[in-house]
file model.tsv (TSV, C-alpha atoms)
chain	number	residue	atom	x	y	z
A	1	MET	CA	0.00	0.00	0.00
A	2	LEU	CA	1.29	3.48	-0.92
A	3	ASN	CA	0.99	6.19	1.71
A	4	LYS	CA	1.45	9.01	-0.78
A	5	ASN	CA	2.33	9.80	-4.37
A	6	LEU	CA	5.42	11.89	-5.07
A	7	VAL	CA	4.65	14.47	-7.76
A	8	MET	CA	7.75	14.86	-9.92
A	9	VAL	CA	6.26	16.64	-12.93
A	10	PRO	CA	7.60	20.00	-14.18
A	11	GLY	CA	5.01	21.67	-11.93
A	12	PRO	CA	3.22	21.40	-9.60
A	13	THR	CA	6.29	20.57	-7.52
A	14	PRO	CA	6.62	19.20	-3.96
A	15	VAL	CA	5.14	21.53	-1.32
A	16	VAL	CA	6.86	21.58	2.07
A	17	GLU	CA	5.00	21.59	5.38
A	18	SER	CA	5.52	25.26	6.28
A	19	ILE	CA	3.99	26.33	2.95
A	20	LYS	CA	1.11	23.88	3.41
A	21	ARG	CA	0.41	25.40	6.82
A	22	GLU	CA	0.13	28.86	5.27
A	23	MET	CA	-2.35	27.57	2.70
A	24	GLY	CA	-4.33	25.94	5.53
A	25	ARG	CA	-4.67	29.04	7.72
A	26	ASP	CA	-8.13	30.37	8.48
A	27	THR	CA	-8.91	32.79	5.68
A	28	VAL	CA	-9.32	36.44	6.61
A	29	ALA	CA	-10.81	39.40	4.78
A	30	HIS	CA	-8.46	40.83	2.17
A	31	GLY	CA	-8.64	44.15	4.01
A	32	ASP	CA	-7.47	42.59	7.26
A	33	ALA	CA	-4.58	44.67	8.61
A	34	GLY	CA	-2.41	41.62	9.24
A	35	PHE	CA	-2.96	40.28	5.74
A	36	VAL	CA	-2.27	43.67	4.16
A	37	LYS	CA	1.07	43.79	5.97
A	38	GLU	CA	1.93	40.23	4.92
A	39	PHE	CA	0.92	40.85	1.30
A	40	LYS	CA	3.24	43.86	1.23
A	41	GLU	CA	6.04	41.70	2.67
A	42	ALA	CA	5.51	39.18	-0.13
A	43	ILE	CA	5.70	41.93	-2.77
A	44	GLU	CA	8.82	43.53	-1.34
A	45	GLY	CA	10.45	40.16	-0.77
A	46	ALA	CA	9.89	39.11	-4.37
A	47	LYS	CA	11.34	42.40	-5.68
A	48	GLU	CA	14.42	42.03	-3.51
A	49	LEU	CA	14.87	38.35	-4.36
A	50	LEU	CA	15.29	38.91	-8.10
A	51	GLY	CA	16.67	42.44	-7.93
A	52	THR	CA	14.51	45.05	-9.60
A	53	ASP	CA	13.79	48.72	-9.01
A	54	GLY	CA	10.58	48.25	-10.99
A	55	GLU	CA	7.38	46.53	-9.91
A	56	VAL	CA	6.32	43.00	-9.09
A	57	PHE	CA	2.74	41.88	-9.66
A	58	ILE	CA	1.37	38.95	-7.63
A	59	ILE	CA	-2.14	38.12	-8.84
A	60	ALA	CA	-4.55	35.21	-8.99
A	61	GLY	CA	-3.98	33.27	-12.18
A	62	SER	CA	-1.79	30.83	-14.05
A	63	GLY	CA	1.50	31.23	-15.85
A	64	SER	CA	-0.47	31.62	-19.06
A	65	LEU	CA	-2.10	34.74	-17.63
A	66	ALA	CA	1.33	36.14	-16.78
A	67	MET	CA	2.44	35.41	-20.36
A	68	GLU	CA	-0.53	37.32	-21.72
A	69	MET	CA	0.14	40.13	-19.22
A	70	SER	CA	3.67	40.48	-20.60
A	71	ILE	CA	2.34	41.03	-24.13
A	72	ALA	CA	-0.70	43.13	-23.18
A	73	ASN	CA	1.32	45.79	-21.36
A	74	ASN	CA	4.21	46.13	-23.80
A	75	LEU	CA	2.81	45.84	-27.31
A	76	LYS	CA	0.01	47.28	-29.43
A	77	ALA	CA	-1.38	46.50	-32.86
A	78	GLY	CA	1.22	47.13	-35.54
A	79	ASP	CA	4.22	46.69	-33.24
A	80	ASN	CA	6.95	44.21	-34.11
A	81	LEU	CA	7.75	41.23	-31.89
A	82	LEU	CA	10.63	38.79	-32.27
A	83	VAL	CA	9.95	35.41	-30.66
A	84	ILE	CA	12.85	33.10	-29.87
A	85	SER	CA	11.21	29.68	-29.58
A	86	HIS	CA	12.89	26.66	-28.01
A	87	GLY	CA	9.75	24.53	-27.87
A	88	ALA	CA	5.99	24.35	-27.42
A	89	PHE	CA	5.70	27.15	-24.88
A	90	GLY	CA	7.76	29.56	-26.94
A	91	ASP	CA	5.30	28.83	-29.72
A	92	ARG	CA	2.47	30.28	-27.62
A	93	PHE	CA	3.75	33.84	-27.93
A	94	PRO	CA	2.83	34.26	-31.64
A	95	ASP	CA	-0.77	33.22	-30.92
A	96	ILE	CA	-1.12	35.63	-27.97
A	97	ALA	CA	0.53	38.54	-29.78
A	98	GLY	CA	-1.20	37.84	-33.08
A	99	ARG	CA	-4.58	38.30	-31.43
A	100	LYS	CA	-3.56	41.89	-30.64
A	101	GLY	CA	-2.55	42.59	-34.24
A	102	VAL	CA	1.15	42.52	-33.43
A	103	ASN	CA	3.53	41.65	-36.27
A	104	VAL	CA	5.41	38.54	-35.18
A	105	ASP	CA	8.64	37.06	-36.49
A	106	VAL	CA	9.77	33.71	-35.05
A	107	LEU	CA	13.21	32.18	-34.78
A	108	LYS	CA	12.76	28.48	-33.97
A	109	ALA	CA	15.48	26.15	-32.85
A	110	PRO	CA	15.44	22.45	-33.71
A	111	TRP	CA	13.88	20.73	-30.70
A	112	GLY	CA	16.49	20.17	-28.03
A	113	GLU	CA	18.76	22.98	-29.23
A	114	ILE	CA	18.89	26.77	-28.82
A	115	VAL	CA	18.81	29.55	-31.37
A	116	PRO	CA	22.44	30.75	-31.70
A	117	LEU	CA	23.00	34.31	-30.50
A	118	GLU	CA	24.35	35.35	-33.89
A	119	GLU	CA	21.05	34.42	-35.57
A	120	PHE	CA	18.94	36.87	-33.64
A	121	GLU	CA	21.72	39.45	-33.57
A	122	LYS	CA	21.35	39.37	-37.34
A	123	LYS	CA	17.57	39.62	-37.00
A	124	LEU	CA	17.85	42.64	-34.71
A	125	ALA	CA	19.99	44.34	-37.35
A	126	GLU	CA	17.37	43.77	-40.07
A	127	LYS	CA	14.50	45.73	-38.47
A	128	HIS	CA	13.32	47.38	-35.29
A	129	TYR	CA	11.56	45.15	-32.79
A	130	ASP	CA	9.45	46.64	-30.04
A	131	ALA	CA	9.89	43.50	-27.94
A	132	LEU	CA	11.71	40.18	-27.91
A	133	THR	CA	10.55	37.09	-26.03
A	134	VAL	CA	12.34	33.93	-24.96
A	135	SER	CA	11.53	31.09	-22.57
A	136	HIS	CA	14.27	30.71	-19.96
A	137	VAL	CA	13.39	27.01	-19.79
A	138	ASP	CA	10.89	25.43	-22.16
A	139	THR	CA	9.41	22.36	-20.48
A	140	SER	CA	8.71	20.65	-23.79
A	141	THR	CA	12.43	20.38	-24.57
A	142	ALA	CA	14.15	20.97	-21.16
A	143	VAL	CA	16.39	23.52	-22.89
A	144	LEU	CA	17.94	26.40	-20.92
A	145	ALA	CA	18.29	29.70	-22.80
A	146	PRO	CA	21.29	32.01	-22.18
A	147	ILE	CA	19.18	34.88	-20.87
A	148	ALA	CA	22.07	37.00	-19.54
A	149	GLU	CA	23.84	36.95	-22.90
A	150	ILE	CA	20.60	37.79	-24.69
A	151	GLY	CA	20.06	40.75	-22.36
A	152	GLU	CA	23.54	42.07	-23.10
A	153	LEU	CA	22.98	41.68	-26.84
A	154	ILE	CA	19.67	43.58	-26.77
A	155	ALA	CA	21.17	46.36	-24.65
A	156	GLU	CA	24.00	46.77	-27.15
A	157	LYS	CA	22.20	46.30	-30.46
A	158	SER	CA	18.60	47.39	-29.82
A	159	PRO	CA	18.26	49.18	-26.46
A	160	GLU	CA	14.67	50.29	-27.08
A	161	THR	CA	13.47	46.68	-27.44
A	162	VAL	CA	11.59	45.36	-24.40
A	163	TYR	CA	13.15	42.08	-23.30
A	164	ILE	CA	10.52	39.58	-22.07
A	165	VAL	CA	11.59	36.34	-20.38
A	166	ASP	CA	9.17	33.48	-19.73
A	167	GLY	CA	10.51	32.13	-16.45
A	168	VAL	CA	7.63	29.79	-15.65
A	169	ALA	CA	9.74	26.62	-15.49
A	170	ALA	CA	12.88	28.39	-14.30
A	171	THR	CA	12.46	31.36	-11.97
A	172	ALA	CA	13.84	30.67	-8.47
A	173	GLY	CA	15.55	27.56	-9.84
A	174	ALA	CA	17.64	28.80	-12.79
A	175	ARG	CA	19.78	31.90	-12.33
A	176	ALA	CA	17.92	35.14	-13.10
A	177	TYR	CA	18.38	38.68	-11.81
A	178	VAL	CA	16.02	41.14	-13.46
A	179	ASP	CA	17.88	44.47	-13.58
A	180	GLU	CA	21.37	42.97	-13.57
A	181	MET	CA	20.60	40.82	-16.63
A	182	LYS	CA	18.82	43.73	-18.35
A	183	ILE	CA	15.50	41.87	-18.33
A	184	ASP	CA	12.49	44.16	-18.73
A	185	VAL	CA	9.78	41.58	-17.99
A	186	LEU	CA	10.13	38.26	-16.18
A	187	PHE	CA	7.16	36.12	-15.24
A	188	THR	CA	6.46	32.83	-13.56
A	189	ALA	CA	3.80	30.87	-11.69
A	190	SER	CA	3.63	29.76	-8.07
A	191	GLN	CA	3.65	25.98	-8.64
A	192	LYS	CA	7.07	25.69	-10.24
A	193	ALA	CA	10.43	26.50	-8.62
A	194	PHE	CA	8.80	28.55	-5.85
A	195	GLY	CA	7.26	25.30	-4.61
A	196	VAL	CA	3.74	26.59	-3.91
A	197	ALA	CA	0.48	25.08	-5.19
A	198	PRO	CA	-0.94	26.40	-8.50
A	199	GLY	CA	-2.87	29.66	-8.35
A	200	LEU	CA	-0.57	32.69	-8.61
A	201	ALA	CA	0.84	34.53	-11.60
A	202	ILE	CA	3.93	36.54	-10.69
A	203	LEU	CA	5.49	39.13	-12.99
A	204	TRP	CA	8.46	41.45	-12.52
A	205	ALA	CA	8.43	44.62	-14.66
A	206	GLY	CA	11.47	46.85	-14.99
A	207	LYS	CA	11.40	50.57	-15.65
A	208	LYS	CA	11.56	50.23	-19.44
A	209	SER	CA	8.47	48.01	-19.42
A	210	LEU	CA	6.62	50.36	-17.07
A	211	ALA	CA	7.43	53.28	-19.36
A	212	ARG	CA	6.20	51.32	-22.37
A	213	ARG	CA	2.90	50.59	-20.61
A	214	ALA	CA	2.44	54.27	-19.77
A	215	ALA	CA	3.08	55.23	-23.40
A	216	LEU	CA	0.37	52.83	-24.67
A	217	GLY	CA	-2.50	54.71	-23.05
A	218	THR	CA	-5.69	52.68	-22.61
A	219	ILE	CA	-5.24	49.03	-23.53
A	220	PRO	CA	-8.05	46.56	-24.35
A	221	GLU	CA	-7.10	44.16	-21.55
A	222	TYR	CA	-8.63	44.80	-18.13
A	223	TYR	CA	-7.68	42.25	-15.49
A	224	CYS	CA	-4.01	41.98	-16.51
A	225	ASP	CA	-3.41	45.73	-16.99
A	226	TYR	CA	-0.36	46.91	-15.02
A	227	GLU	CA	-2.09	50.18	-14.24
A	228	LYS	CA	-5.01	48.45	-12.53
A	229	TRP	CA	-2.62	46.57	-10.25
A	230	ILE	CA	0.12	49.10	-9.48
A	231	PRO	CA	-1.95	50.91	-6.81
A	232	ILE	CA	-2.62	47.57	-5.09
A	233	MET	CA	1.03	46.48	-5.25
A	234	HIS	CA	1.98	49.80	-3.64
A	235	ASP	CA	-0.77	49.59	-1.02
A	236	PRO	CA	-2.48	46.17	-0.68
A	237	SER	CA	-5.22	47.70	1.48
A	238	LYS	CA	-6.67	49.10	-1.77
A	239	TYR	CA	-9.04	47.02	-3.87
A	240	PHE	CA	-9.14	46.10	-7.54
A	241	ALA	CA	-9.86	42.35	-7.53
A	242	THR	CA	-10.00	39.94	-4.61
A	243	PRO	CA	-6.54	38.58	-3.83
A	244	PRO	CA	-6.13	34.84	-3.10
A	245	VAL	CA	-5.34	35.36	0.58
A	246	ASN	CA	-4.04	31.91	1.48
A	247	MET	CA	-1.97	31.61	-1.68
A	248	ILE	CA	-0.28	34.92	-0.95
A	249	TRP	CA	0.54	33.71	2.56
A	250	ALA	CA	2.03	30.57	0.99
A	251	PHE	CA	4.05	32.58	-1.53
A	252	ARG	CA	5.34	34.83	1.25
A	253	GLU	CA	6.56	31.73	3.07
A	254	ALA	CA	8.21	30.45	-0.11
A	255	VAL	CA	10.08	33.74	-0.47
A	256	ARG	CA	11.16	33.48	3.18
A	257	LEU	CA	12.50	29.97	2.64
A	258	ILE	CA	14.42	31.02	-0.46
A	259	LYS	CA	15.97	33.95	1.39
A	260	GLU	CA	16.90	31.62	4.23
A	261	GLU	CA	18.60	29.27	1.77
A	262	GLY	CA	20.10	32.17	-0.19
A	263	ILE	CA	19.03	32.71	-3.78
A	264	GLU	CA	22.52	32.07	-5.18
A	265	ASN	CA	22.83	28.93	-3.03
A	266	ARG	CA	19.49	27.83	-4.42
A	267	TYR	CA	20.69	28.28	-8.00
A	268	VAL	CA	23.84	26.28	-7.27
A	269	ARG	CA	21.77	23.53	-5.60
A	270	HIS	CA	19.53	23.23	-8.65
A	271	GLU	CA	22.53	23.07	-10.97
A	272	LYS	CA	24.19	20.35	-8.88
A	273	GLN	CA	21.00	18.32	-8.41
A	274	GLY	CA	20.14	18.62	-12.10
A	275	ALA	CA	23.58	17.47	-13.24
A	276	ALA	CA	23.57	14.52	-10.80
A	277	PHE	CA	20.06	13.52	-11.83
A	278	ARG	CA	20.94	13.60	-15.52
A	279	ALA	CA	24.04	11.49	-14.89
A	280	ALA	CA	21.90	8.90	-13.09
A	281	LEU	CA	19.34	8.82	-15.90
A	282	ARG	CA	22.05	8.34	-18.51
A	283	GLU	CA	23.42	5.50	-16.40
A	284	LEU	CA	20.05	3.79	-16.81
A	285	GLY	CA	20.31	4.10	-20.59
A	286	PHE	CA	18.10	7.11	-21.27
A	287	ALA	CA	19.00	9.68	-23.90
A	288	LEU	CA	18.07	13.24	-22.93
A	289	THR	CA	16.39	15.78	-25.18
A	290	ALA	CA	18.38	18.92	-24.33
A	291	SER	CA	21.67	19.38	-26.17
A	292	LYS	CA	24.87	19.32	-24.12
A	293	GLY	CA	25.58	22.63	-22.41
A	294	HIS	CA	21.96	23.78	-22.63
A	295	GLU	CA	20.30	21.45	-20.11
A	296	ALA	CA	17.79	22.97	-17.70
A	297	PRO	CA	18.58	22.63	-13.98
A	298	THR	CA	14.87	22.39	-13.18
A	299	LEU	CA	13.64	19.42	-15.24
A	300	THR	CA	14.79	16.68	-17.57
A	301	ASN	CA	13.13	15.06	-20.60
A	302	CYS	CA	14.11	11.41	-21.09
A	303	LEU	CA	13.79	9.58	-24.41
A	304	TYR	CA	12.68	5.99	-23.97
A	305	MET	CA	14.90	3.11	-24.95
A	306	GLU	CA	13.53	0.79	-27.63
A	307	GLY	CA	10.54	-1.29	-26.57
A	308	VAL	CA	9.32	0.95	-23.71
A	309	ASN	CA	5.74	2.15	-24.09
A	310	ASP	CA	5.08	5.67	-22.81
A	311	ALA	CA	1.60	5.11	-21.34
A	312	GLU	CA	2.63	1.86	-19.67
A	313	PHE	CA	5.79	3.40	-18.22
A	314	ARG	CA	3.95	6.36	-16.67
A	315	LYS	CA	1.13	4.11	-15.40
A	316	LEU	CA	3.62	1.85	-13.64
A	317	MET	CA	5.49	4.86	-12.25
A	318	TYR	CA	2.25	6.08	-10.71
A	319	GLU	CA	1.67	2.65	-9.19
A	320	GLU	CA	5.19	2.84	-7.75
A	321	GLY	CA	4.27	6.13	-6.08
A	322	VAL	CA	5.84	8.68	-8.42
A	323	THR	CA	4.03	10.85	-10.96
A	324	VAL	CA	5.96	11.92	-14.06
A	325	ALA	CA	4.66	13.84	-17.07
A	326	GLY	CA	4.21	12.87	-20.68
A	327	ALA	CA	6.23	14.65	-23.33
A	328	LEU	CA	4.89	17.29	-25.71
A	329	GLY	CA	5.07	18.12	-29.39
A	330	GLU	CA	7.76	16.27	-31.31
A	331	TYR	CA	8.58	14.14	-28.26
A	332	ALA	CA	5.01	13.06	-27.43
A	333	GLY	CA	4.93	9.31	-26.81
A	334	LYS	CA	8.71	9.12	-27.14
A	335	ALA	CA	9.79	10.56	-23.80
A	336	PHE	CA	8.71	11.48	-20.30
A	337	ARG	CA	9.34	14.71	-18.41
A	338	ILE	CA	10.48	14.77	-14.79
A	339	GLY	CA	10.79	17.87	-12.64
A	340	HIS	CA	13.51	18.45	-10.06
A	341	MET	CA	12.95	21.99	-8.93
A	342	GLY	CA	11.83	24.10	-6.02
A	343	ASN	CA	11.84	22.20	-2.76
A	344	ALA	CA	12.53	18.78	-4.28
A	345	ASP	CA	15.37	17.29	-2.23
A	346	ASP	CA	17.76	14.34	-2.38
A	347	TYR	CA	15.13	12.06	-0.83
A	348	ASP	CA	12.72	12.93	-3.67
A	349	MET	CA	15.40	12.40	-6.32
A	350	VAL	CA	16.48	9.01	-4.99
A	351	THR	CA	12.86	7.91	-4.56
A	352	ALA	CA	12.14	8.83	-8.20
A	353	LEU	CA	15.28	7.09	-9.49
A	354	THR	CA	14.60	3.85	-7.65
A	355	ALA	CA	11.00	3.88	-8.89
A	356	ILE	CA	12.29	4.31	-12.46
A	357	GLU	CA	14.60	1.33	-11.96
A	358	ARG	CA	11.76	-0.87	-10.71
A	359	VAL	CA	9.51	0.12	-13.59
A	360	LEU	CA	12.20	-0.52	-16.20
A	361	ALA	CA	12.78	-3.95	-14.69
A	362	LYS	CA	9.04	-4.69	-14.91
A	363	LEU	CA	9.15	-3.68	-18.56
A	364	GLY	CA	11.97	-6.09	-19.30
A	365	VAL	CA	14.83	-3.60	-19.42
A	366	SER	CA	18.06	-4.84	-17.87
A	367	VAL	CA	18.89	-2.63	-14.86
A	368	GLU	CA	21.12	-2.94	-11.84
A	369	CYS	CA	18.86	-1.90	-8.98
A	370	GLY	CA	20.31	0.86	-6.84
A	371	ARG	CA	22.91	1.91	-9.39
A	372	ALA	CA	21.17	5.10	-10.50
A	373	ALA	CA	20.65	6.26	-6.92
A	374	GLY	CA	24.32	5.51	-6.25
A	375	VAL	CA	25.43	7.60	-9.22
A	376	TYR	CA	23.20	10.45	-8.04
A	377	MET	CA	24.45	10.39	-4.45
A	378	LYS	CA	28.11	10.13	-5.48
A	379	ARG	CA	27.72	13.21	-7.67
A	380	MET	CA	25.99	15.06	-4.85
A	381	THR	CA	28.70	14.23	-2.30
A	382	ASP	CA	31.73	14.84	-4.55
call {"tool": "encode", "arguments": {"input": "model.tsv", "output": "structure tokens"}}
result
Amino acid sequence: MLNKNLVMVPGPTPVVESIKREMGRDTVAHGDAGFVKEFKEAIEGAKELLGTDGEVFIIAGSGSLAMEMSIANNLKAGDNLLVISHGAFGDRFPDIAGRKGVNVDVLKAPWGEIVPLEEFEKKLAEKHYDALTVSHVDTSTAVLAPIAEIGELIAEKSPETVYIVDGVAATAGARAYVDEMKIDVLFTASQKAFGVAPGLAILWAGKKSLARRAALGTIPEYYCDYEKWIPIMHDPSKYFATPPVNMIWAFREAVRLIKEEGIENRYVRHEKQGAAFRAALRELGFALTASKGHEAPTLTNCLYMEGVNDAEFRKLMYEEGVTVAGALGEYAGKAFRIGHMGNADDYDMVTALTAIERVLAKLGVSVECGRAAGVYMKRMTD
């Protein structure tokens, strides 16, 4: 009998007890003085964590809402957008922007690879782009984009271009500092590397993005308009839309835990855990989708060896007490995705690896039980 199921998908991620307790508190009115103070602490903590003199927006919604918010407040019909796509989630930007009448050009990498910097440097030289978007980590490919280098390139070659980074599967797990890396918009969702349950969209907006929003005047979007939310982010006692009280408490606790760990320490931990986990998976015979040098520290996509059926593998993993995700797009049915971000620890990693070994054995793949966990732990203790 299984006592619990370990969720190791690329979000939601494991939620620790102190965050669960915040979600389970007795709900109060959103005007409650204590809550107002704690909401403000969450806002200020998030700004400090990723280093911006701009604004942070913490609102009820999914990462997809934050993605739409990034487009709505920085582009208007007739503007030019350059999308750097490293997978299925990068491919969402043209649809969102196209609905606003934005002119969209897309640079797509072969799945598992990144668009070389020189390719979009050339594109930036060809015409003016009002904004450029890239996914820091695209969960469909597990590819990590070089966001710092991209920021430097935009600052040098096209300083008026608003630089938008989709950090949904990366932020708080893969290194990002908003102002330092010259990022104008960074967004994420609560259920990924922050380790909270789904329910919050979080977006950091630098001064260039805020100026762009002011220059647009009235925009057609209502709920995700920066200007509707700025007064609330400055003074949470004000009202625009009802905040998700318990989720904001939980996010505040997540920020506290990250500060306690140290954000740079957290990045290093993710890098070390990710590298050790990939080494263990390769030891089992899996090929990985992300090209060498561009692997995400927050999740891994594993291509099945010959003869392994995707649906059967994931079904047996669930029966072993670990949930993994199916692959997307070009990899659908050919791979599974496994998250290792946020508050996932060595216990979670070893549990997942031993479950994978047991499932492979059930499927007739030759495995040496315990070897993958041994590879992981050796890498973590070296």
call {"tool": "residues_around", "arguments": {"input": "model.tsv", "residues": "A:Gly274", "least_positions_apart": "5", "cutoff": "8 Å", "atoms": "only C-alpha atoms", "output": "PyMOL selection string"}}
result
chain A and resi 296-300+340
call {"tool": "residues_around", "arguments": {"input": "model.tsv", "residues": "stretch 191-208 of chain A", "least_positions_apart": "5", "cutoff": "6 Å", "atoms": "only C-alpha atoms", "output": "ChimeraX atom specification"}}
result
/A:11-13,15,54-63,66,169,172-173,184-186,341-343
call {"tool": "closest_residue", "arguments": {"input": "model.tsv", "among": "A:Ser158, A:Ser237, A:Thr354, A:Ser209", "to": "A:Asp179", "atoms": "only C-alpha atoms"}}
result
A:Ser209
call {"tool": "atom_distance", "arguments": {"input": "model.tsv", "atom1": "atom CA of A:Ile114", "atom2": "atom CA of A:Ser140"}}
result
12.9 Å
call {"tool": "atom_distance", "arguments": {"input": "model.tsv", "atom1": "atom CA of A:Lys182", "atom2": "atom CA of A:Ala290"}}
result
25.5 Å
call {"tool": "atom_distance", "arguments": {"input": "model.tsv", "atom1": "atom CA of A:Phe251", "atom2": "atom CA of A:Ile164"}}
result
22.6 Å
call {"tool": "residues_around", "arguments": {"input": "model.tsv", "residues": "A:Pro94", "least_positions_apart": "2", "cutoff": "8 Å", "atoms": "all atoms listed in the file", "output": "list in words"}}
result
Val83, Asp91, Arg92, Ile96, Ala97, Gly98, Val104 and Val106 of chain A
call {"tool": "closest_residue", "arguments": {"input": "model.tsv", "among": "A:Lys292, A:His30, A:Arg25, A:Arg314", "to": "A:Tyr239", "atoms": "all atoms listed in the file"}}
result
A:His30
call {"tool": "closest_residue", "arguments": {"input": "model.tsv", "among": "A:Phe89, A:Tyr347, A:Tyr129, A:Phe39", "to": "A:Leu75", "atoms": "only C-alpha atoms"}}
result
A:Tyr129
call {"tool": "decode", "arguments": {"input": "model.tsv", "residues": "stretch 15-27 of chain A", "atoms": "N, CA and C atoms", "output": "compact mmCIF listing (two decimals), in the first residue's frame"}}
result
# COMPACT_ATOMS: atom_id res chain seq x y z
N VAL A 15 5.45 20.41 -2.22
CA VAL A 15 5.14 21.53 -1.32
C VAL A 15 5.52 21.13 0.11
N VAL A 16 6.38 21.92 0.73
CA VAL A 16 6.86 21.58 2.07
C VAL A 16 5.82 21.98 3.13
N GLU A 17 6.01 21.45 4.33
CA GLU A 17 5.00 21.59 5.38
C GLU A 17 4.72 23.05 5.75
N SER A 18 5.76 23.87 5.84
CA SER A 18 5.52 25.26 6.28
C SER A 18 4.67 26.02 5.26
N ILE A 19 4.82 25.70 3.97
CA ILE A 19 3.99 26.33 2.95
C ILE A 19 2.57 25.77 3.01
N LYS A 20 2.44 24.47 3.25
CA LYS A 20 1.11 23.88 3.41
C LYS A 20 0.36 24.53 4.56
N ARG A 21 1.08 24.78 5.66
CA ARG A 21 0.41 25.40 6.82
C ARG A 21 -0.13 26.79 6.48
N GLU A 22 0.61 27.54 5.67
CA GLU A 22 0.13 28.86 5.27
C GLU A 22 -1.12 28.76 4.41
N MET A 23 -1.16 27.76 3.54
CA MET A 23 -2.35 27.57 2.70
C MET A 23 -3.54 27.13 3.54
N GLY A 24 -3.26 26.47 4.69
CA GLY A 24 -4.33 25.94 5.53
C GLY A 24 -4.79 26.87 6.64
N ARG A 25 -4.24 28.08 6.69
CA ARG A 25 -4.67 29.04 7.72
C ARG A 25 -6.13 29.44 7.52
N ASP A 26 -6.77 29.85 8.61
CA ASP A 26 -8.13 30.37 8.48
C ASP A 26 -8.10 31.64 7.64
N THR A 27 -8.89 31.64 6.59
CA THR A 27 -8.91 32.79 5.68
C THR A 27 -9.46 34.02 6.38
